[in-house]
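J.: Structure: my_file_13.txt, compact mmCIF, C-alpha atoms.
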# COMPACT_ATOMS: atom_id res chain seq x y z
CA MET Y 150 -30.02 -49.56 8.39
CA ILE Y 151 -28.84 -52.84 6.86
CA ARG Y 152 -30.73 -51.95 3.68
CA ILE Y 153 -29.02 -48.53 3.48
CA ILE Y 154 -25.58 -50.14 3.86
CA ARG Y 155 -26.46 -52.80 1.29
CA ASP Y 156 -27.69 -50.17 -1.21
CA PHE Y 157 -24.51 -48.14 -0.64
CA ILE Y 158 -22.32 -51.19 -1.35
CA ASP Y 159 -24.44 -52.02 -4.43
CA ARG Y 160 -24.00 -48.48 -5.77
CA LEU Y 161 -20.27 -48.53 -5.00
CA PHE Y 162 -19.77 -51.79 -6.89
CA LEU Y 163 -21.95 -50.49 -9.72
CA GLN Y 164 -19.81 -47.36 -10.02
CA ILE Y 165 -16.58 -49.39 -10.00
CA PHE Y 166 -18.04 -51.80 -12.54
CA LYS Y 167 -19.46 -49.01 -14.70
CA GLY Y 168 -16.04 -47.37 -14.73
CA ARG Y 169 -14.63 -50.41 -16.47
CA LYS Y 170 -17.23 -50.95 -19.15
CA ASP Y 171 -19.03 -48.89 -21.71
CA LEU Y 172 -22.33 -47.37 -20.66
CA LYS Y 173 -25.24 -49.04 -22.46
CA ILE Y 174 -28.48 -47.21 -23.10
CA GLY Y 175 -31.25 -49.44 -24.42
CA LEU Y 176 -34.36 -48.47 -26.34
CA TYR Y 177 -37.23 -50.73 -25.32
CA GLY Y 178 -40.94 -50.80 -25.95
CA PRO Y 179 -43.74 -52.42 -27.91
CA PRO Y 180 -43.47 -52.77 -31.72
CA ASN Y 181 -43.95 -49.62 -33.80
CA GLY Y 182 -43.51 -47.24 -30.89
CA GLY Y 183 -40.65 -45.51 -32.70
CA LYS Y 184 -37.54 -47.04 -31.11
CA SER Y 185 -35.61 -47.24 -34.38
CA THR Y 186 -36.79 -43.77 -35.41
CA LEU Y 187 -35.46 -42.44 -32.10
CA ALA Y 188 -32.20 -44.40 -32.56
CA ASN Y 189 -31.83 -42.80 -35.99
CA ARG Y 190 -32.63 -39.34 -34.59
CA ILE Y 191 -29.97 -39.69 -31.86
CA CYS Y 192 -27.38 -41.02 -34.34
CA ASN Y 193 -28.23 -38.33 -36.90
CA ASP Y 194 -27.97 -35.61 -34.25
CA TRP Y 195 -24.60 -36.74 -32.91
CA LEU Y 196 -22.93 -38.95 -35.51
CA GLY Y 197 -24.50 -37.69 -38.72
CA GLU Y 198 -25.59 -41.17 -39.76
CA GLU Y 199 -28.54 -43.55 -39.40
CA MET Y 200 -28.56 -46.68 -37.28
CA SER Y 201 -31.62 -48.76 -38.15
CA THR Y 202 -34.15 -49.23 -40.91
CA VAL Y 203 -37.71 -48.19 -40.13
CA SER Y 204 -41.00 -49.43 -41.54
CA LYS Y 205 -44.73 -49.15 -41.00
CA ILE Y 206 -44.85 -52.96 -40.87
CA PRO Y 207 -44.40 -54.04 -37.24
CA HIS Y 208 -41.28 -55.96 -36.17
CA GLU Y 209 -38.95 -54.26 -38.66
CA THR Y 210 -36.17 -54.53 -36.07
CA ARG Y 211 -35.76 -58.23 -35.37
CA GLU Y 212 -32.23 -58.25 -34.02
CA VAL Y 213 -30.59 -56.17 -31.32
CA LYS Y 214 -28.47 -53.44 -32.91
CA VAL Y 215 -25.67 -51.58 -31.17
CA LYS Y 216 -24.15 -48.25 -32.17
CA GLU Y 217 -20.94 -47.79 -30.25
CA LYS Y 218 -19.55 -44.59 -28.80
CA VAL Y 219 -22.36 -42.11 -29.26
CA THR Y 220 -21.39 -38.84 -27.58
CA VAL Y 221 -24.21 -36.50 -26.60
CA ARG Y 222 -23.54 -32.93 -25.44
CA SER Y 223 -26.04 -30.62 -23.80
CA LYS Y 224 -25.61 -27.46 -21.71
CA GLY Y 225 -21.90 -28.03 -21.13
CA LYS Y 226 -22.37 -31.70 -20.21
CA GLU Y 227 -21.17 -34.67 -22.22
CA VAL Y 228 -21.82 -38.39 -22.05
CA THR Y 229 -20.61 -41.24 -24.27
CA PHE Y 230 -22.54 -44.49 -24.48
CA ASN Y 231 -23.36 -47.47 -26.63
CA LEU Y 232 -26.88 -47.13 -28.00
CA VAL Y 233 -28.84 -50.39 -28.15
CA ASP Y 234 -31.89 -50.56 -30.42
CA THR Y 235 -33.99 -53.62 -29.55
CA PRO Y 236 -36.84 -55.49 -31.26
CA GLY Y 237 -40.32 -54.56 -30.04
CA ILE Y 238 -41.61 -56.71 -27.21
CA ALA Y 239 -44.92 -58.42 -27.89
CA THR Y 240 -46.94 -61.27 -26.40
CA LYS Y 241 -48.26 -62.51 -29.74
CA ILE Y 242 -46.98 -62.71 -33.30
CA ASP Y 243 -49.19 -63.90 -36.13
CA TYR Y 244 -47.71 -64.16 -39.60
CA GLU Y 245 -51.17 -63.47 -41.05
CA ASP Y 246 -50.93 -59.91 -39.73
CA PHE Y 247 -47.94 -59.39 -42.04
CA LEU Y 248 -49.94 -60.70 -45.01
CA LYS Y 249 -52.37 -57.83 -44.46
CA LYS Y 250 -49.41 -55.45 -44.75
CA GLY Y 251 -48.59 -56.77 -48.22
CA LEU Y 252 -45.96 -59.44 -47.55
CA ASN Y 253 -46.25 -62.81 -49.26
CA VAL Y 254 -46.69 -66.01 -47.22
CA LYS Y 255 -43.00 -66.93 -47.28
CA GLU Y 256 -41.87 -63.44 -46.26
CA ALA Y 257 -44.56 -63.21 -43.57
CA LYS Y 258 -43.66 -66.56 -42.00
CA LYS Y 259 -39.96 -65.68 -42.06
CA ARG Y 260 -40.65 -62.30 -40.47
CA ALA Y 261 -42.82 -63.90 -37.77
CA LYS Y 262 -40.16 -66.48 -36.94
CA GLU Y 263 -37.42 -63.86 -36.75
CA ALA Y 264 -39.67 -61.57 -34.69
CA THR Y 265 -40.24 -64.24 -32.01
CA LYS Y 266 -36.48 -64.71 -31.70
CA GLY Y 267 -36.06 -60.93 -31.57
CA VAL Y 268 -38.43 -60.61 -28.60
CA ILE Y 269 -36.48 -63.29 -26.69
CA GLU Y 270 -33.18 -61.58 -27.54
CA ALA Y 271 -34.48 -58.18 -26.39
CA ILE Y 272 -35.54 -59.61 -23.02
CA LYS Y 273 -32.19 -61.36 -22.55
CA TRP Y 274 -30.36 -58.07 -23.18
CA LEU Y 275 -32.23 -56.34 -20.36
CA ASP Y 276 -29.68 -57.43 -17.77
CA ASP Y 277 -26.88 -55.72 -19.72
CA MET Y 278 -28.48 -52.27 -19.74
CA ASP Y 279 -27.36 -49.36 -17.57
CA VAL Y 280 -30.22 -47.05 -18.54
CA VAL Y 281 -33.36 -47.87 -20.52
CA VAL Y 282 -35.49 -45.52 -22.57
CA VAL Y 283 -39.01 -46.95 -22.83
CA VAL Y 284 -40.41 -45.67 -26.11
CA LEU Y 285 -44.22 -45.59 -26.22
CA ASP Y 286 -46.52 -44.47 -28.99
CA SER Y 287 -48.48 -41.62 -27.38
CA THR Y 288 -51.43 -42.24 -29.71
CA GLU Y 289 -51.93 -45.73 -28.24
CA ASN Y 290 -53.43 -46.89 -24.93
CA PRO Y 291 -50.45 -46.93 -22.51
CA TYR Y 292 -52.06 -49.41 -20.08
CA SER Y 293 -50.91 -52.48 -22.00
CA GLN Y 294 -49.42 -55.35 -20.05
CA VAL Y 295 -46.30 -55.30 -22.24
CA ASN Y 296 -45.57 -51.72 -21.12
CA ILE Y 297 -46.22 -52.62 -17.49
CA THR Y 298 -44.05 -55.76 -17.76
CA ILE Y 299 -41.13 -53.82 -19.29
CA VAL Y 300 -41.22 -51.10 -16.64
CA GLY Y 301 -41.75 -53.68 -13.86
CA ASN Y 302 -38.69 -55.61 -14.99
CA LEU Y 303 -36.57 -52.47 -15.06
CA VAL Y 304 -37.67 -51.57 -11.53
CA ALA Y 305 -36.93 -55.12 -10.34
CA ARG Y 306 -33.43 -54.90 -11.89
CA LYS Y 307 -32.89 -51.38 -10.48
CA ILE Y 308 -32.22 -50.00 -13.98
CA PRO Y 309 -32.90 -46.25 -14.35
CA VAL Y 310 -35.82 -45.55 -16.70
CA VAL Y 311 -36.71 -42.68 -19.02
CA ILE Y 312 -40.23 -42.91 -20.43
CA VAL Y 313 -40.72 -41.32 -23.82
CA ALA Y 314 -44.17 -40.54 -25.20
CA ASN Y 315 -43.32 -40.52 -28.89
CA LYS Y 316 -45.29 -39.25 -31.90
CA ILE Y 317 -46.46 -36.00 -30.27
CA ASP Y 318 -46.76 -34.58 -33.79
CA LYS Y 319 -49.83 -36.75 -34.37
CA LYS Y 320 -53.33 -35.44 -33.66
CA ARG Y 321 -54.37 -38.36 -31.44
CA SER Y 322 -51.28 -38.02 -29.27
CA GLY Y 323 -52.00 -37.99 -25.53
CA ILE Y 324 -49.03 -37.42 -23.24
CA LYS Y 325 -51.34 -36.99 -20.25
CA LYS Y 326 -52.53 -40.59 -20.64
CA VAL Y 327 -48.95 -41.84 -20.56
CA GLU Y 328 -48.22 -39.69 -17.52
CA ALA Y 329 -51.33 -41.05 -15.80
CA ALA Y 330 -50.28 -44.64 -16.54
CA PHE Y 331 -46.78 -44.12 -15.12
CA PRO Y 332 -47.21 -41.43 -12.43
CA GLN Y 333 -43.96 -42.27 -10.67
CA TYR Y 334 -41.87 -41.35 -13.74
CA ASP Y 335 -41.08 -38.21 -15.65
CA VAL Y 336 -42.53 -38.62 -19.11
CA VAL Y 337 -40.87 -36.79 -22.00
CA GLY Y 338 -43.08 -36.08 -24.99
CA ILE Y 339 -41.14 -36.08 -28.26
CA SER Y 340 -41.48 -36.59 -31.96
CA ALA Y 341 -38.46 -38.65 -32.96
CA LEU Y 342 -39.53 -38.36 -36.59
CA LYS Y 343 -39.75 -34.56 -36.61
CA GLY Y 344 -37.05 -34.02 -33.99
CA ARG Y 345 -39.38 -32.18 -31.63
CA ASN Y 346 -38.47 -31.67 -27.96
CA MET Y 347 -35.19 -33.59 -28.27
CA GLU Y 348 -33.39 -31.11 -25.96
CA GLU Y 349 -35.66 -32.10 -23.09
CA PHE Y 350 -35.11 -35.76 -23.94
CA TYR Y 351 -31.31 -35.38 -23.84
CA GLU Y 352 -31.63 -33.52 -20.54
CA SER Y 353 -33.61 -36.46 -19.07
CA LEU Y 354 -30.92 -38.82 -20.33
CA PHE Y 355 -28.24 -36.78 -18.56
CA ASN Y 356 -30.25 -36.87 -15.34
CA MET Y 357 -30.34 -40.66 -15.50
CA VAL Y 358 -26.70 -41.36 -16.34
CA ARG Y 359 -25.01 -38.91 -13.97
CA MET Q 251 -67.72 -71.70 -26.82
CA LEU Q 252 -65.50 -69.72 -24.50
CA THR Q 253 -63.90 -71.59 -21.59
CA LEU Q 254 -62.60 -69.75 -18.55
CA GLN Q 255 -60.39 -71.66 -16.14
CA PHE Q 256 -59.85 -70.31 -12.65
CA ILE Q 257 -56.47 -71.03 -11.11
CA PRO Q 258 -56.46 -70.31 -7.38
CA TYR Q 259 -53.26 -69.07 -5.80
CA ASN Q 260 -52.99 -72.32 -3.80
CA ASP Q 261 -52.52 -74.25 -7.06
CA ILE Q 262 -49.39 -72.35 -8.04
CA GLN Q 263 -48.07 -71.18 -4.68
CA TYR Q 264 -45.43 -73.86 -4.27
CA LEU Q 265 -44.48 -74.30 -7.92
CA THR Q 266 -41.13 -73.06 -9.19
CA PRO Q 267 -41.44 -70.04 -11.53
CA GLU Q 268 -40.69 -72.27 -14.53
CA ARG Q 269 -43.36 -74.84 -13.62
CA ARG Q 270 -45.84 -72.07 -12.82
CA ILE Q 271 -45.33 -70.56 -16.27
CA ASN Q 272 -45.53 -73.94 -18.00
CA LYS Q 273 -48.81 -74.63 -16.21
CA LEU Q 274 -50.28 -71.33 -17.41
CA ILE Q 275 -49.10 -71.80 -21.01
CA ASN Q 276 -50.39 -75.38 -21.13
CA VAL Q 277 -53.88 -74.24 -20.10
CA VAL Q 278 -53.83 -71.38 -22.62
CA LYS Q 279 -52.72 -73.77 -25.37
CA GLU Q 280 -55.94 -75.72 -24.74
CA ASN Q 281 -57.72 -72.57 -25.97
CA LYS Q 282 -58.90 -71.65 -22.49
CA ILE Q 283 -58.79 -68.25 -20.85
CA VAL Q 284 -56.95 -68.36 -17.55
CA LEU Q 285 -58.20 -66.36 -14.57
CA MET Q 286 -55.38 -66.62 -12.07
CA GLN Q 287 -55.69 -65.39 -8.51
CA GLY Q 288 -52.80 -63.04 -7.77
CA ARG Q 289 -50.13 -61.91 -10.16
CA LEU Q 290 -46.78 -62.97 -11.50
CA VAL Q 291 -43.69 -61.02 -10.48
CA PRO Q 292 -42.14 -58.95 -13.32
CA GLU Q 293 -39.35 -61.49 -13.94
CA GLU Q 294 -41.97 -64.25 -14.29
CA GLU Q 295 -43.96 -62.09 -16.70
CA SER Q 296 -40.91 -61.61 -18.93
CA THR Q 297 -40.15 -65.34 -18.73
CA LEU Q 298 -43.78 -66.01 -19.70
CA ILE Q 299 -43.27 -63.85 -22.79
CA GLU Q 300 -40.02 -65.67 -23.63
CA ARG Q 301 -41.63 -69.13 -23.30
CA THR Q 302 -44.61 -67.93 -25.34
CA MET Q 303 -42.31 -66.75 -28.15
CA GLU Q 304 -40.49 -70.11 -28.11
CA GLN Q 305 -43.77 -71.93 -28.69
CA ILE Q 306 -45.23 -69.74 -31.43
CA ASN Q 307 -45.44 -71.39 -34.85
CA ARG Q 308 -45.97 -74.76 -33.22
CA SER Q 309 -49.45 -76.26 -33.63
CA ASN Q 310 -51.26 -73.03 -34.52
CA PHE Q 311 -50.24 -71.26 -31.31
CA LYS Q 312 -49.92 -67.53 -32.01
CA GLY Q 313 -49.18 -66.18 -28.58
CA ILE Q 314 -51.13 -64.77 -25.69
CA GLU Q 315 -53.03 -61.75 -24.50
CA ILE Q 316 -52.39 -60.93 -20.87
CA CYS Q 317 -53.68 -58.40 -18.39
CA THR Q 318 -53.26 -57.99 -14.67
CA ILE Q 319 -55.54 -56.05 -12.40
CA TYR Q 320 -54.70 -55.29 -8.81
CA PRO Q 321 -55.74 -52.80 -6.17
CA GLU Q 322 -53.92 -49.48 -6.36
CA SER Q 323 -51.84 -48.79 -3.28
CA ASP Q 324 -53.26 -45.41 -2.29
CA SER Q 325 -53.98 -46.61 1.22
CA ASN Q 326 -52.25 -45.25 4.31
CA VAL Q 327 -48.95 -46.48 5.73
CA VAL Q 328 -50.57 -48.85 8.25
CA GLU Q 329 -52.72 -50.47 5.56
CA LYS Q 330 -49.70 -50.81 3.28
CA LEU Q 331 -47.70 -52.44 6.08
CA LYS Q 332 -50.57 -54.83 6.83
CA SER Q 333 -50.78 -55.74 3.17
CA LYS Q 334 -47.01 -56.34 2.95
CA ILE Q 335 -47.03 -58.58 6.02
CA ALA Q 336 -49.98 -60.54 4.63
CA ASN Q 337 -48.19 -60.94 1.29
CA LEU Q 338 -45.07 -62.10 3.09
CA LEU Q 339 -46.93 -64.71 5.12
CA LEU Q 340 -49.53 -65.88 2.61
CA GLY Q 341 -48.04 -64.93 -0.77
CA ASN Q 342 -49.23 -62.16 -3.07
CA ARG Q 343 -52.85 -63.15 -3.70
CA GLU Q 344 -53.97 -59.65 -4.50
CA GLY Q 345 -55.26 -58.96 -7.97
CA LEU Q 346 -56.24 -61.13 -10.88
CA THR Q 347 -54.29 -62.16 -13.95
CA ILE Q 348 -56.12 -62.86 -17.19
CA ILE Q 349 -54.28 -64.79 -19.89
CA GLY Q 350 -55.91 -65.89 -23.11
CA PRO Q 351 -54.71 -67.46 -26.35
CA ALA Q 352 -54.27 -64.88 -29.13
CA THR Q 353 -56.40 -67.06 -31.40
CA VAL Q 354 -59.36 -66.59 -29.03
CA VAL Q 355 -58.69 -63.25 -27.34
CA LYS Q 356 -58.12 -60.54 -29.88
CA GLU Q 357 -57.31 -57.81 -27.42
CA ILE Q 358 -57.54 -56.95 -23.75
CA LYS Q 359 -57.83 -53.22 -23.17
CA LYS Q 360 -57.01 -52.03 -19.72
CA HIS Q 361 -58.23 -48.66 -18.54
CA PRO Q 362 -57.82 -47.24 -15.07
CA ASP Q 363 -61.31 -48.36 -14.03
CA LYS Q 364 -62.29 -51.15 -16.40
CA ILE Q 365 -61.09 -54.00 -18.59
CA GLN Q 366 -62.43 -54.76 -22.05
CA LEU Q 367 -61.86 -58.21 -23.47
CA PHE Q 368 -62.37 -58.53 -27.22
CA THR Q 369 -62.71 -62.06 -28.49
CA THR Q 370 -62.20 -63.34 -31.98
CA ASP Q 371 -65.08 -65.25 -33.48
CA VAL Q 372 -65.15 -67.14 -36.74
CA LYS Q 373 -68.40 -65.51 -37.76
CA LYS Q 374 -68.28 -62.21 -36.02
CA LYS Q 375 -66.31 -60.28 -33.50
CA SER Q 376 -67.91 -60.17 -30.09
CA ARG Q 377 -67.19 -57.86 -27.23
CA ARG Q 378 -67.47 -58.51 -23.52
CA GLU Q 379 -66.96 -56.01 -20.77
Take the structure in this file and express it as structure tokens.

T.:
Amino acid sequence: MIRIIRDFIDRLFLQIFKGRKDLKIGLYGPPNGGKSTLANRICNDWLGEEMSTVSKIPHETREVKVKEKVTVRSKGKEVTFNLVDTPGIATKIDYEDFLKKGLNVKEAKKRAKEATKGVIEAIKWLDDMDVVVVVLDSTENPYSQVNITIVGNLVARKIPVVIVANKIDKKRSGIKKVEAAFPQYDVVGISALKGRNMEEFYESLFNMVR
Amino acid sequence: MLTLQFIPYNDIQYLTPERRINKLINVVKENKIVLMQGRLVPEEESTLIERTMEQINRSNFKGIEICTIYPESDSNVVEKLKSKIANLLLGNREGLTIIGPATVVKEIKKHPDKIQLFTTDVKKKSRRE
């Protein structure tokens, strides 16, 4: 009973607080899952412009980026939010990995240093989020500790979560694996690059922010 | 040579989250693989990642590989209640946390029913399951 009353008060304060500030939707996930590609897809769909640069080299996004006042409309509904694209969260960063991708030593070391700061910044921003979209590469093993840590932190902070299994256009894509790894969540399979299944994604977003 | 260090729950039970994390990172920085009884709470896991990032680029430390295994809670309500009471009284000792330095552990792959730990070797890559 006490818990129900406490949850009700929490929600009430959250609603009052949310009424005063802009809604923030964060894109979180491991590096190269497609967060920035999804950010660009959303901004292209609704603002007609791009938000972030994308690259095949991991840790392209090394600073949190915010696109203000993105308005999404779907089936007569409308929501306006600030879209937050965050650096990929990793437990290790080795500059030598960037050398293999063609960067020189100076560039690789700089990228590694910036990437470590980016991970810390992304984690610090978690507390500011109202809804988080966890963007996972559906061609990769979803049972990584980084994925589990991100989702665990969102649950602990009572932040609503949308899990996206990205890159469904690729042959090795496996949405079922992602669903099996996170059975308590609805998983939306999309291709941010090709713009596939975005309607379902926006619908999931509406369900979380209402 | 690969060194595994077991950290029983009793060793970290009364430490503050910050000291607990420092203890784990210090062992990992000695190029040892930590086998910790129990698991960190999500906030501690994210703090562990933050502290790890702060220490990368210092003295050849390149980060960590981490994996947690714990029993799935598909038991009945009574069993779940028992487990929660035990956790409340004794602390969450269920499960095992594996943390290794990225220079030694190349990758830990977690599957629903097994864990694969790939180590980096100067001469060749070895694989242990």

J.: With the cut-off set at 6 Å and counting only C-alpha atoms, tabulate each residue of chain Y with an atom at most that distance from an atom of chain Q, showing the nearest atom pair and its distance in Å to one decimal, ordered by chain and increasing number, as a tab-separated table.

T.:
residue	atom	partner	partner_atom	distance
Y:Thr240	CA	Q:Ile314	CA	5.5
Y:Lys241	CA	Q:Gly313	CA	4.0
Y:Ile242	CA	Q:Lys312	CA	5.8
Y:Asp243	CA	Q:Lys312	CA	5.5
Y:Thr265	CA	Q:Met303	CA	5.0
Y:Ile269	CA	Q:Glu300	CA	5.2
Y:Tyr292	CA	Q:Lys360	CA	5.6
Y:Gln294	CA	Q:Cys317	CA	5.5
Y:Thr298	CA	Q:Pro292	CA	5.8
Y:Gly301	CA	Q:Pro292	CA	5.3
Y:Asn302	CA	Q:Pro292	CA	5.1

J.: What is the distance, in Å and to one decimal place, between atom CA of Y:Pro236 and atom CA of Y:Gly267?

T.: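 Interatomic distance, atom CA of Y:Pro236 to atom CA of Y:Gly267: 5.5 Å.
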
J.: As a VMD selection string, please: the residues near Y:Gly251 (cut-off 12 Å, all atoms listed in the file, same-chain neighbours under 6 positions excluded).

T.: chain Y and resid 205 to 206 244 to 245 257

J.: At a cut-off of 7 Å around the point (-40.4, -37.6, -23.7) (file coordinates), what residues fall inside when counting all atoms listed in the file? I'd like the answer as a PDB file with C-alpha atoms, in the coordinates of the input.

T.:
ATOM      1  CA  ILE Y 312     -40.230 -42.910 -20.430  1.00  0.00           C
ATOM      2  CA  VAL Y 313     -40.720 -41.320 -23.820  1.00  0.00           C
ATOM      3  CA  ALA Y 314     -44.170 -40.540 -25.200  1.00  0.00           C
ATOM      4  CA  ASN Y 315     -43.320 -40.520 -28.890  1.00  0.00           C
ATOM      5  CA  VAL Y 336     -42.530 -38.620 -19.110  1.00  0.00           C
ATOM      6  CA  VAL Y 337     -40.870 -36.790 -22.000  1.00  0.00           C
ATOM      7  CA  GLY Y 338     -43.080 -36.080 -24.990  1.00  0.00           C
ATOM      8  CA  ILE Y 339     -41.140 -36.080 -28.260  1.00  0.00           C
ATOM      9  CA  PHE Y 350     -35.110 -35.760 -23.940  1.00  0.00           C
TER      10      PHE Y 350
END

J.: Taking 2 positions as the minimum chain separation for residues in the same chain, which residues sit within 10 Å of Y:Val283 when counting only C-alpha atoms? Answer as a PyMOL selection string.

T.: chain Y and resi 175-179+182+184+280-281+285+296+299-300+303+310-315+336

J.: Using Å and a single decimal, report how far atom CA of Y:Phe331 sits from atom CA of Y:Asp318.

T.: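 Interatomic distance here is 21.0 Å.
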
J.: Any idea what's packed within 12 Å of Y:Ser204, counting all atoms listed in the file, ignoring anything in its chain fewer than 6 positions away? Could you give it as number ranges by chain?

T.: Y: 180-186, 210-211, 250

J.: Show which residues sit within 7 Å of stretch 256-258 of chain Q, as a list in words. Count only C-alpha atoms, and ignore same-chain residues fewer than 2 positions away.

T.: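 Neighbouring residues, sequence-local ones excluded: Leu254, Asn260, Asp261, Val284, Leu285, Met286 and Gln287 of chain Q.
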
J.: Could you turn the residues from that selection into a file that holds C-alpha atoms, as an mmCIF file, in the coordinates of the input?

T.:
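Generated output (out.cif):
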data_model
loop_
_atom_site.group_PDB
_atom_site.id
_atom_site.type_symbol
_atom_site.label_atom_id
_atom_site.label_comp_id
_atom_site.auth_asym_id
_atom_site.auth_seq_id
_atom_site.Cartn_x
_atom_site.Cartn_y
_atom_site.Cartn_z
ATOM 1 C CA LEU Q 254 -62.600 -69.750 -18.550
ATOM 2 C CA ASN Q 260 -52.990 -72.320 -3.800
ATOM 3 C CA ASP Q 261 -52.520 -74.250 -7.060
ATOM 4 C CA VAL Q 284 -56.950 -68.360 -17.550
ATOM 5 C CA LEU Q 285 -58.200 -66.360 -14.570
ATOM 6 C CA MET Q 286 -55.380 -66.620 -12.070
ATOM 7 C CA GLN Q 287 -55.690 -65.390 -8.510
#

J.: Residues at most 10 Å from Y:Glu212, counting only C-alpha atoms, excluding those fewer than 4 positions away in the same chain, as a list of chain:residue names?

T.: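 Surrounding residues, per the criterion: Y:His208, Y:Asp234, Y:Thr235, Y:Pro236, Y:Gly237, Y:Glu263, Y:Ala264, Y:Lys266, Y:Gly267, Y:Val268, Y:Ile269, Y:Glu270, Y:Ala271.
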
J.: What is the atom CA of Q:Pro321-atom CA of Y:Pro332 distance in Å, reported with one decimal?

T.: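 Spanning atom CA of Q:Pro321 to atom CA of Y:Pro332 is a straight-line distance of 15.5 Å.
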
J.: Could you check which of Y:Val203, Y:Leu354, Y:Val295, Y:Leu172 is closest to Y:Val221, using only C-alpha atoms?

T.: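 The closest residue to Y:Val221 is Y:Leu354.
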
J.: Between Q:Lys273, Q:Leu367, Q:Gly288, Q:Val354, which is the closest to Q:Leu252 once you count only C-alpha atoms?

T.: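 Answer, going by the shortest atom-to-atom distance: Q:Val354.
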